[in-house]
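S.K.: Structure provided below as structure tokens; questions to follow.
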Amino acid sequence: MPTFESVSFPGVNGTTLAGTLDIPDGGTGAWALFSHGFTLGKNSAAASRISKALAGHGIGVLRYDAAGLGSSTGNWEDGSFSTKVADLQHAAAFMAESGRPVSLLVGHSLGGAAVLAAASEISGLRAVATIAAPFRPSHVVHLFESELDLIAEQGSARVDLGGGELEIRRHLIEDLRSHDLTGDIRDLHLPLMVMHSPTDNTVGIDNASEIFSTARHPRNFISLEGSDHLMVERAQTSRAAAIIAAWAGTYLDLDEP
């Protein structure tokens with residue numbers, strides 16, 4: 001059975017990020033980073049279950065909380081898409097310095113967009129996988145669209161995002177809107193797996209089409225039939241992890257899962 005280890009490492013802006021290493025039993029064939037969705041955290045269904053399942057297939061995984069979430073220090077409202085991308089680079093540096101260089105990036109929802117943006121700055125990568133990722137980081141703005149006028153006027157607003165109220169600041173919206181991933185995807189030069197449910201009502205399947213059509217080969221698309229955006233059912237995350245492990249094995253020199 002895979003084991004786990006709690007770790008922490010420096011993030012941007014003086015934060016300390018809390019992470020979990022999911023470690024395969026009997027040795028690790030490769031290491032991956034998992035980037036969670038907008039406000040979800042490392043213990044969300046997608047992050048925790050897919051990471052544990054990947055460890056069961058011989059791929060060790062670091063998943064961690066964004067600043068202000070879980071046990072990570074800092075304030076979530078100070079963050080942005082840019083800090084999410086920079087923290088991925090810090091996480092990769094931490095792994096390399098501890099003798100566990102990362103060769104696979106996996107991102108769910110906005111975390112999927114973040115791994116696409118960060119990949120070019122992380123050395124040693126062999127493959128990238130996205131799950132229910134938006135083509136444009138600004139896609140998440142629709143979650144608080146009704147508050148945009150108030151945020152523009154006052155600079156911030158408290159918004160209920162399903163798991164409780166969080167403060168959305170003007171700088172976050174401006175930062176989300178400033179990022180265009182077209183060049184990052186086109187110039188990725190790494191094998192890319194795009195995974196998306198055709199019935200995702202939060203981030204529509206057209207986002208996967210745009211990512212896939214922009215990417216260059218080698219690229220793969222997997223339709224996650226029956227999955228919802230948050231992937232709350234264990235069968236959904238188990239299937240996604242098995243597919244990622246089988247696909248990544250070609251590029252990471254893993255034994256057949």
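By order in the structure tokens, chains are A, B, ...; within a chain, residues start at 1; ligands start at 1, following the order shown.
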For Ile50 in chain A, find every residue with an atom within 9 Å (counting only C-alpha atoms), except residues of its own chain fewer than 3 positions away, and show them as a list in words.
M.R.: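 Using only C-alpha atoms, the neighbours found are Phe34, Ala45, Ala46, Ala47, Ala53, Leu54, Ala55, Thr237, Ser238, Arg239, Ala240, Ala241 and Ala242 of chain A.
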S.K.: So that I have them on file, write out the residues from the current selection with C-alpha atoms, as a compact mmCIF listing (two decimals), in the first residue's frame.
M.R.:
```txt
# COMPACT_ATOMS: atom_id res chain seq x y z
CA PHE A 34 -0.52 17.72 -8.67
CA ALA A 45 -11.48 14.43 -4.04
CA ALA A 46 -9.62 14.93 -7.31
CA ALA A 47 -6.29 15.88 -5.76
CA ALA A 53 -4.06 6.10 -7.04
CA LEU A 54 -1.04 7.23 -9.06
CA ALA A 55 1.16 6.16 -6.14
CA THR A 237 -10.75 9.42 -9.91
CA SER A 238 -9.59 5.79 -10.03
CA ARG A 239 -10.26 5.62 -13.76
CA ALA A 240 -8.51 8.94 -14.42
CA ALA A 241 -5.43 7.86 -12.45
CA ALA A 242 -5.22 4.49 -14.21
```
S.K.: Near His90 in chain A, counting only C-alpha atoms, which residues have an atom at most 9 Å away, once you skip same-chain residues fewer than 4 positions from it, shown as a list in words?
M.R.: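 Those residues are Phe9, Pro10, Gly11, Val12, Val85, Ala86, Phe94 and Met95 of chain A.
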S.K.: Would you mind exporting the chosen residues as a PDB file, in the first residue's frame, restricted to N, CA and C atoms?
M.R.:
```pdb
ATOM      1  N   PHE A   9       7.262  23.603   2.275  1.00  0.00           N
ATOM      2  CA  PHE A   9       8.311  24.238   1.481  1.00  0.00           C
ATOM      3  C   PHE A   9       7.931  25.686   1.235  1.00  0.00           C
ATOM      4  N   PRO A  10       8.901  26.536   0.894  1.00  0.00           N
ATOM      5  CA  PRO A  10       8.616  27.953   0.683  1.00  0.00           C
ATOM      6  C   PRO A  10       7.808  28.186  -0.590  1.00  0.00           C
ATOM      7  N   GLY A  11       6.805  29.046  -0.487  1.00  0.00           N
ATOM      8  CA  GLY A  11       6.072  29.508  -1.646  1.00  0.00           C
ATOM      9  C   GLY A  11       6.458  30.945  -1.960  1.00  0.00           C
ATOM     10  N   VAL A  12       5.729  31.577  -2.850  1.00  0.00           N
ATOM     11  CA  VAL A  12       6.018  32.977  -3.174  1.00  0.00           C
ATOM     12  C   VAL A  12       5.511  33.881  -2.057  1.00  0.00           C
ATOM     13  N   VAL A  85       1.030  29.710 -10.519  1.00  0.00           N
ATOM     14  CA  VAL A  85       2.048  29.211 -11.441  1.00  0.00           C
ATOM     15  C   VAL A  85       3.427  29.247 -10.785  1.00  0.00           C
ATOM     16  N   ALA A  86       3.737  30.349 -10.106  1.00  0.00           N
ATOM     17  CA  ALA A  86       5.044  30.476  -9.451  1.00  0.00           C
ATOM     18  C   ALA A  86       5.215  29.444  -8.341  1.00  0.00           C
ATOM     19  N   PHE A  94      11.660  22.458  -4.807  1.00  0.00           N
ATOM     20  CA  PHE A  94      11.726  21.716  -3.540  1.00  0.00           C
ATOM     21  C   PHE A  94      11.935  20.226  -3.795  1.00  0.00           C
ATOM     22  N   MET A  95      11.199  19.688  -4.752  1.00  0.00           N
ATOM     23  CA  MET A  95      11.324  18.263  -5.046  1.00  0.00           C
ATOM     24  C   MET A  95      12.718  17.937  -5.586  1.00  0.00           C
TER      25      MET A  95
END
```
S.K.: As a list in words, please: every residue in range 121-238 of chain A that DSSP puts in strand (DSSP E).
M.R.: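 Reading the DSSP output for range 121-238 of chain A, strand (DSSP E) covers Ala127, Val128, Ala129, Thr130, Ile131, Ser156, Ala157, Arg158, Val159, Asp160, Glu165, Leu166, Glu167, Ile168, Arg169, Leu192, Met193, Val194, Met195, His196, Arg219, Asn220, Phe221, Ile222 and Ser223 of chain A.
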S.K.: May I have the selected residues written with N, CA and C atoms, as a CSV table (one decimal), in the first residue's frame?
M.R.:
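Result written to result30.csv:
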```
chain,number,residue,atom,x,y,z
A,127,ALA,N,6.2,14.8,-19.2
A,127,ALA,CA,4.8,14.8,-19.7
A,127,ALA,C,4.0,15.7,-18.8
A,128,VAL,N,2.8,16.1,-19.4
A,128,VAL,CA,1.8,17.0,-18.7
A,128,VAL,C,0.4,16.4,-19.0
A,129,ALA,N,-0.4,16.4,-17.9
A,129,ALA,CA,-1.8,16.0,-18.0
A,129,ALA,C,-2.7,17.0,-17.4
A,130,THR,N,-3.8,17.3,-18.1
A,130,THR,CA,-4.8,18.2,-17.5
A,130,THR,C,-6.1,17.5,-17.4
A,131,ILE,N,-6.9,17.9,-16.4
A,131,ILE,CA,-8.2,17.3,-16.1
A,131,ILE,C,-9.2,18.4,-15.9
A,156,SER,N,-12.9,44.8,-3.9
A,156,SER,CA,-13.0,43.5,-3.4
A,156,SER,C,-14.5,43.2,-3.0
A,157,ALA,N,-14.8,41.9,-2.9
A,157,ALA,CA,-16.1,41.5,-2.4
A,157,ALA,C,-16.0,40.1,-1.8
A,158,ARG,N,-16.8,39.8,-0.8
A,158,ARG,CA,-16.9,38.4,-0.3
A,158,ARG,C,-17.9,37.6,-1.2
A,159,VAL,N,-17.4,36.5,-1.6
A,159,VAL,CA,-18.2,35.7,-2.6
A,159,VAL,C,-18.3,34.3,-2.0
A,160,ASP,N,-19.5,33.7,-2.1
A,160,ASP,CA,-19.7,32.3,-1.7
A,160,ASP,C,-19.4,31.4,-2.9
A,165,GLU,N,-17.4,31.4,2.1
A,165,GLU,CA,-17.1,32.7,1.5
A,165,GLU,C,-15.6,33.0,1.5
A,166,LEU,N,-15.2,33.6,0.3
A,166,LEU,CA,-13.8,34.0,0.2
A,166,LEU,C,-13.8,35.4,-0.4
A,167,GLU,N,-12.8,36.1,-0.1
A,167,GLU,CA,-12.6,37.5,-0.6
A,167,GLU,C,-12.0,37.4,-2.0
A,168,ILE,N,-12.7,38.0,-3.0
A,168,ILE,CA,-12.2,38.2,-4.4
A,168,ILE,C,-11.8,39.6,-4.6
A,169,ARG,N,-10.5,39.8,-4.9
A,169,ARG,CA,-10.0,41.2,-5.1
A,169,ARG,C,-9.8,41.5,-6.6
A,192,LEU,N,1.3,15.6,-24.1
A,192,LEU,CA,0.1,16.2,-23.4
A,192,LEU,C,-1.1,15.3,-23.4
A,193,MET,N,-1.6,15.1,-22.2
A,193,MET,CA,-2.9,14.3,-22.1
A,193,MET,C,-4.0,15.3,-21.7
A,194,VAL,N,-5.0,15.5,-22.4
A,194,VAL,CA,-6.1,16.3,-22.1
A,194,VAL,C,-7.3,15.5,-21.7
A,195,MET,N,-7.8,15.6,-20.5
A,195,MET,CA,-8.9,14.8,-20.0
A,195,MET,C,-10.1,15.7,-19.6
A,196,HIS,N,-11.3,15.3,-20.1
A,196,HIS,CA,-12.4,16.2,-19.8
A,196,HIS,C,-13.7,15.4,-20.0
A,219,ARG,N,0.0,14.4,-28.5
A,219,ARG,CA,-1.1,14.8,-27.7
A,219,ARG,C,-2.2,13.8,-27.7
A,220,ASN,N,-2.9,13.6,-26.6
A,220,ASN,CA,-4.0,12.7,-26.5
A,220,ASN,C,-5.2,13.3,-25.8
A,221,PHE,N,-6.4,12.9,-26.2
A,221,PHE,CA,-7.6,13.3,-25.5
A,221,PHE,C,-8.3,12.1,-25.0
A,222,ILE,N,-8.8,12.2,-23.8
A,222,ILE,CA,-9.6,11.2,-23.1
A,222,ILE,C,-10.9,11.8,-22.6
A,223,SER,N,-12.0,11.2,-23.1
A,223,SER,CA,-13.3,11.7,-22.6
A,223,SER,C,-13.7,11.0,-21.3
```
S.K.: Could you produce a table of the residues of range 157-249 of chain A lying within 10 Å of range 58-62 of chain A, with the nearest pair of atoms per residue and their separation in Å rounded to one decimal, using only C-alpha atoms, ordered by chain and increasing residue number, as JSON lines?
M.R.:
```
{"residue": "A:Ala245", "atom": "CA", "partner": "A:Ile59", "partner_atom": "CA", "distance": 7.6}
{"residue": "A:Ala248", "atom": "CA", "partner": "A:Ile59", "partner_atom": "CA", "distance": 9.4}
{"residue": "A:Gly249", "atom": "CA", "partner": "A:Ile59", "partner_atom": "CA", "distance": 9.3}
```
S.K.: Hey, which of A:Ser98, A:Thr16, A:Thr182, A:Ser103 ends up closest to Ala32 in chain A? Count only C-alpha atoms.
M.R.: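 When distances to Ala32 in chain A are compared using only C-alpha atoms, the smallest one comes from A:Ser103.
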S.K.: Pick out each residue of range 37-212 of chain A that DSSP on the backbone tags as helix (DSSP H, G or I); I need them as JSON, numbers by chain.
M.R.: {"A": [45, 46, 47, 48, 49, 50, 51, 52, 53, 54, 55, 56, 76, 77, 78, 81, 82, 83, 84, 85, 86, 87, 88, 89, 90, 91, 92, 93, 94, 95, 96, 97, 110, 111, 112, 113, 114, 115, 116, 117, 118, 119, 120, 121, 137, 138, 139, 140, 141, 142, 143, 144, 145, 146, 147, 148, 149, 150, 151, 152, 153, 154, 170, 171, 172, 173, 174, 175, 176, 177, 178, 182, 183, 184, 185, 186, 206, 207, 208, 209, 210, 211, 212]}
S.K.: Near Val203 in chain A, counting only C-alpha atoms, which residues have an atom at most 12 Å away, once you skip same-chain residues fewer than 4 positions from it, shown as a PyMOL selection string?
M.R.: chain A and resi 37+108-110+112-113+131-143+195-199+207-209+228-230
S.K.: So that I have them on file, write out the residues from the current selection with C-alpha atoms, as an mmCIF file, in the first residue's frame.
M.R.:
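The new file part-v9.cif reads:
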```
data_model
loop_
_atom_site.group_PDB
_atom_site.id
_atom_site.type_symbol
_atom_site.label_atom_id
_atom_site.label_comp_id
_atom_site.auth_asym_id
_atom_site.auth_seq_id
_atom_site.Cartn_x
_atom_site.Cartn_y
_atom_site.Cartn_z
ATOM 1 C CA GLY A 37 -8.429 23.611 -8.577
ATOM 2 C CA HIS A 108 -7.244 19.702 -12.204
ATOM 3 C CA SER A 109 -9.543 22.577 -13.223
ATOM 4 C CA LEU A 110 -7.652 25.898 -12.839
ATOM 5 C CA GLY A 112 -4.702 22.313 -15.199
ATOM 6 C CA ALA A 113 -4.292 25.763 -16.687
ATOM 7 C CA ILE A 131 -8.186 17.295 -16.085
ATOM 8 C CA ALA A 132 -11.239 19.524 -16.666
ATOM 9 C CA ALA A 133 -8.962 22.489 -17.357
ATOM 10 C CA PRO A 134 -10.109 25.813 -18.809
ATOM 11 C CA PHE A 135 -8.368 27.065 -21.940
ATOM 12 C CA ARG A 136 -8.468 30.593 -20.520
ATOM 13 C CA PRO A 137 -7.704 31.165 -16.821
ATOM 14 C CA SER A 138 -10.308 33.957 -16.889
ATOM 15 C CA HIS A 139 -12.981 31.264 -17.276
ATOM 16 C CA VAL A 140 -13.267 31.077 -13.463
ATOM 17 C CA VAL A 141 -14.539 34.657 -13.367
ATOM 18 C CA HIS A 142 -18.000 33.328 -14.228
ATOM 19 C CA LEU A 143 -18.153 31.864 -10.705
ATOM 20 C CA MET A 195 -8.907 14.757 -20.015
ATOM 21 C CA HIS A 196 -12.408 16.206 -19.825
ATOM 22 C CA SER A 197 -15.993 15.129 -19.260
ATOM 23 C CA PRO A 198 -18.461 15.930 -22.048
ATOM 24 C CA THR A 199 -21.059 16.667 -19.339
ATOM 25 C CA ASN A 207 -12.176 24.118 -23.401
ATOM 26 C CA ALA A 208 -10.631 20.693 -23.968
ATOM 27 C CA SER A 209 -11.164 21.099 -27.712
ATOM 28 C CA ASP A 228 -18.633 15.712 -13.035
ATOM 29 C CA HIS A 229 -16.261 18.654 -12.737
ATOM 30 C CA LEU A 230 -15.215 17.993 -9.136
#
```
